[in-house]
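In what follows, a structure is listed as structure tokens, so that the remarks can point back to it.
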Amino acid sequence: APSQFRSKEISKSNVVDDMVASNRILFEEDEHPDHVVVIKYVPYVADSKRAMDEYTSEIFMGGKNTIVMHNTCEDSLLATPLIYDLVILGELCQRVQIKKDGENDWESFHPVLSLLSYMLKAPLVPNGAPVVNALFTQRCAVINLMRACLGLAPDNHMTLEHRFESTLAALSAEEPANKKMRLS
């Protein structure tokens with residue numbers, strides 16, 4: 001199997017870790033449910049993506065409940081709309097600039113455009129920015145950027161402090177980041 005599948009296994013596993021960490025109602029602070037992500041390359045099926053997911057939970061009187069799902073689809077047909085959205089959002093982000101109160105210069109997004117992580121499997125972020133795998137949080141960041149462009153207040157999760165070089169430099173000077181994947 002190609003080595004790129006190992007990075008996919010890690011990023012998919014990180015998504016589960018993010019979901020657990022963001023839900024303190026269902027999971028305790030140091031609780032880590034068992035989960036395993038395995039990706040296999042099968043040359044015969046070519047572009048046909050086959051996903052098999054199995055979820056096991058406890059039920060009444062210590063019993064176990066297992067839900068198994070099987071999904072088959074054409075990978076390139078799934079990716080095409082995402083490519084369009086990546087190009088459109090990337091181009092829009094090239095037009096966005098901010099100016100902080102008391103500053104004279106306008107600033108563009110950091111060259112590592114972490115906002116695009118919403119549409120990518122393994123998000124890359126600049127040094128000093130947190131890696132966010134939670135899909136809802138990534139989606140909120142995109143929505144709130146659009147709200148800001150319209151002059152509306154953000155609902156939450158825009159995290160502009162991690163999207164511009166000047167604020168990342170200030171944050172990095174304050175405290176070191178221990179994140180999973182960064183790109184300078």
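Naming scheme: A, B, ... for chains in displayed order of the structure tokens; residues 1 onward per chain; ligands 1 onward as shown.
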Polymer residues at most 6 Å from range 15-28 of chain A, only C-alpha atoms, same-chain spacing of 2 or more positions, as a list in words:
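Once the adjacent positions are removed, what remains is Lys12, Ser13, Asp30, Glu31, Asn133 and Ala134 of chain A.
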Can you tell me, as a VMD selection string, which residues in range 5-184 of chain A count as strand (DSSP E or B) by DSSP?
chain A and resid 48 to 58 64 to 74 97 to 98 107 to 108
With only C-alpha atoms as the basis for distance, which of A:Asn71, A:Asn14, A:Ser57, A:Thr159 is at the shortest distance from Ala141 in chain A?
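Answer, going by the shortest atom-to-atom distance: A:Thr159.
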Quick one: residues within 8 Å of Gln94 in chain A, only C-alpha atoms, excluding same-chain residues fewer than 4 positions away - as number ranges by chain?
A: 90, 108-109
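Every protein, DNA or RNA residue with an atom at most 8 Å from Arg50 in chain A, where only C-alpha atoms count and chain neighbours fewer than 4 positions away do not, is listed here: His70, Asn71, Thr72 and Cys73 of chain A.
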Which residues are close to Met158 in chain A, i.e. within 8 Å by only C-alpha atoms, leaving aside same-chain residues fewer than 2 positions away? Reply as an NGL selection string.
:A and (140-142 or 144-145 or 154 or 156 or 160)
Those residues you just picked out, can you put them in a file as a PDB file, in the first residue's frame with all heavy atoms?
ATOM      1  N   CYS A 140     -17.557  26.455  10.850  1.00  0.00           N
ATOM      2  CA  CYS A 140     -17.911  27.725  11.496  1.00  0.00           C
ATOM      3  C   CYS A 140     -16.904  28.818  11.152  1.00  0.00           C
ATOM      4  O   CYS A 140     -17.288  29.975  10.976  1.00  0.00           O
ATOM      5  CB  CYS A 140     -17.988  27.549  13.006  1.00  0.00           C
ATOM      6  SG  CYS A 140     -19.489  26.714  13.553  1.00  0.00           S
ATOM      7  N   ALA A 141     -15.618  28.460  11.059  1.00  0.00           N
ATOM      8  CA  ALA A 141     -14.604  29.455  10.707  1.00  0.00           C
ATOM      9  C   ALA A 141     -14.873  30.029   9.322  1.00  0.00           C
ATOM     10  O   ALA A 141     -14.772  31.239   9.109  1.00  0.00           O
ATOM     11  CB  ALA A 141     -13.211  28.831  10.773  1.00  0.00           C
ATOM     12  N   VAL A 142     -15.236  29.170   8.361  1.00  0.00           N
ATOM     13  CA  VAL A 142     -15.531  29.639   6.997  1.00  0.00           C
ATOM     14  C   VAL A 142     -16.790  30.504   7.006  1.00  0.00           C
ATOM     15  O   VAL A 142     -16.812  31.593   6.422  1.00  0.00           O
ATOM     16  CB  VAL A 142     -15.683  28.445   6.024  1.00  0.00           C
ATOM     17  CG1 VAL A 142     -16.152  28.921   4.653  1.00  0.00           C
ATOM     18  CG2 VAL A 142     -14.374  27.671   5.912  1.00  0.00           C
ATOM     19  N   ASN A 144     -18.115  32.190   9.454  1.00  0.00           N
ATOM     20  CA  ASN A 144     -17.899  33.457  10.147  1.00  0.00           C
ATOM     21  C   ASN A 144     -17.016  34.407   9.367  1.00  0.00           C
ATOM     22  O   ASN A 144     -17.143  35.627   9.500  1.00  0.00           O
ATOM     23  CB  ASN A 144     -17.364  33.208  11.557  1.00  0.00           C
ATOM     24  CG  ASN A 144     -18.458  32.723  12.473  1.00  0.00           C
ATOM     25  OD1 ASN A 144     -19.555  33.261  12.477  1.00  0.00           O
ATOM     26  ND2 ASN A 144     -18.173  31.685  13.226  1.00  0.00           N
ATOM     27  N   LEU A 145     -16.119  33.881   8.540  1.00  0.00           N
ATOM     28  CA  LEU A 145     -15.359  34.759   7.646  1.00  0.00           C
ATOM     29  C   LEU A 145     -16.325  35.438   6.670  1.00  0.00           C
ATOM     30  O   LEU A 145     -16.235  36.648   6.435  1.00  0.00           O
ATOM     31  CB  LEU A 145     -14.295  33.983   6.876  1.00  0.00           C
ATOM     32  CG  LEU A 145     -13.605  34.808   5.789  1.00  0.00           C
ATOM     33  CD1 LEU A 145     -12.767  35.917   6.414  1.00  0.00           C
ATOM     34  CD2 LEU A 145     -12.763  33.932   4.900  1.00  0.00           C
ATOM     35  N   PRO A 154     -19.345  37.559  14.212  1.00  0.00           N
ATOM     36  CA  PRO A 154     -19.174  36.107  14.138  1.00  0.00           C
ATOM     37  C   PRO A 154     -20.039  35.402  15.169  1.00  0.00           C
ATOM     38  O   PRO A 154     -20.316  35.954  16.233  1.00  0.00           O
ATOM     39  CB  PRO A 154     -17.692  35.903  14.447  1.00  0.00           C
ATOM     40  CG  PRO A 154     -17.318  37.077  15.273  1.00  0.00           C
ATOM     41  CD  PRO A 154     -18.162  38.219  14.764  1.00  0.00           C
ATOM     42  N   ASN A 156     -19.014  32.245  16.232  1.00  0.00           N
ATOM     43  CA  ASN A 156     -17.933  31.665  17.020  1.00  0.00           C
ATOM     44  C   ASN A 156     -16.975  30.955  16.069  1.00  0.00           C
ATOM     45  O   ASN A 156     -17.275  30.781  14.895  1.00  0.00           O
ATOM     46  CB  ASN A 156     -18.473  30.667  18.049  1.00  0.00           C
ATOM     47  CG  ASN A 156     -17.525  30.513  19.237  1.00  0.00           C
ATOM     48  OD1 ASN A 156     -16.373  30.904  19.187  1.00  0.00           O
ATOM     49  ND2 ASN A 156     -18.031  29.942  20.309  1.00  0.00           N
ATOM     50  N   LEU A 160      -9.532  34.257  14.040  1.00  0.00           N
ATOM     51  CA  LEU A 160      -8.693  35.113  13.197  1.00  0.00           C
ATOM     52  C   LEU A 160      -7.289  35.261  13.748  1.00  0.00           C
ATOM     53  O   LEU A 160      -6.344  35.484  12.995  1.00  0.00           O
ATOM     54  CB  LEU A 160      -9.328  36.498  13.034  1.00  0.00           C
ATOM     55  CG  LEU A 160     -10.459  36.595  12.019  1.00  0.00           C
ATOM     56  CD1 LEU A 160     -11.031  38.004  12.010  1.00  0.00           C
ATOM     57  CD2 LEU A 160     -10.002  36.197  10.636  1.00  0.00           C
TER      58      LEU A 160
END
Excluding Ile10 in chain A and residues on its chain fewer than 6 positions from it, collect all residues at most 12 Å away from it, counting only C-alpha atoms, and give them as a PyMOL selection string.
chain A and resi 3-4+16-17+35-39+121-123+133+180-181
When you count only C-alpha atoms, which of these residues is closest to Glu9 in chain A: A:His32, A:Ser117, A:Asn65, A:Lys40?
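Counting only C-alpha atoms, the residue closest to Glu9 in chain A is A:Lys40.
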Residues within 7 Å of Arg139 in chain A, please, as number ranges by chain. Count only C-alpha atoms; anything in the same chain fewer than 4 positions from it doesn't count.
A: 118, 135, 143
Name the residues of chain A that come out as helix (DSSP H, G or I) in a backbone DSSP run; write them as a PyMOL selection string.
chain A and resi 4-21+43-45+60-62+75-95+114-119+135-149+160-162+165-174
May I ask for the distance between CA of Tyr55 in chain A and CA of Ile67 in chain A, given in Å to one decimal place?
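Separation between CA of Tyr55 in chain A and CA of Ile67 in chain A: 5.2 Å.
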In Å, rounded to a single decimal, give me how far CA of Glu74 in chain A is from CA of Pro43 in chain A.
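Those two atoms sit 13.8 Å apart.
Here CA of Asp85 in chain A and CA of Met119 in chain A stand 8.2 Å from one another.
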I'd like to know which of A:Asp34, A:Glu103, A:Leu116, A:Val68 is closest to Glu91 in chain A, using only C-alpha atoms.
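The closest residue to Glu91 in chain A is A:Leu116.
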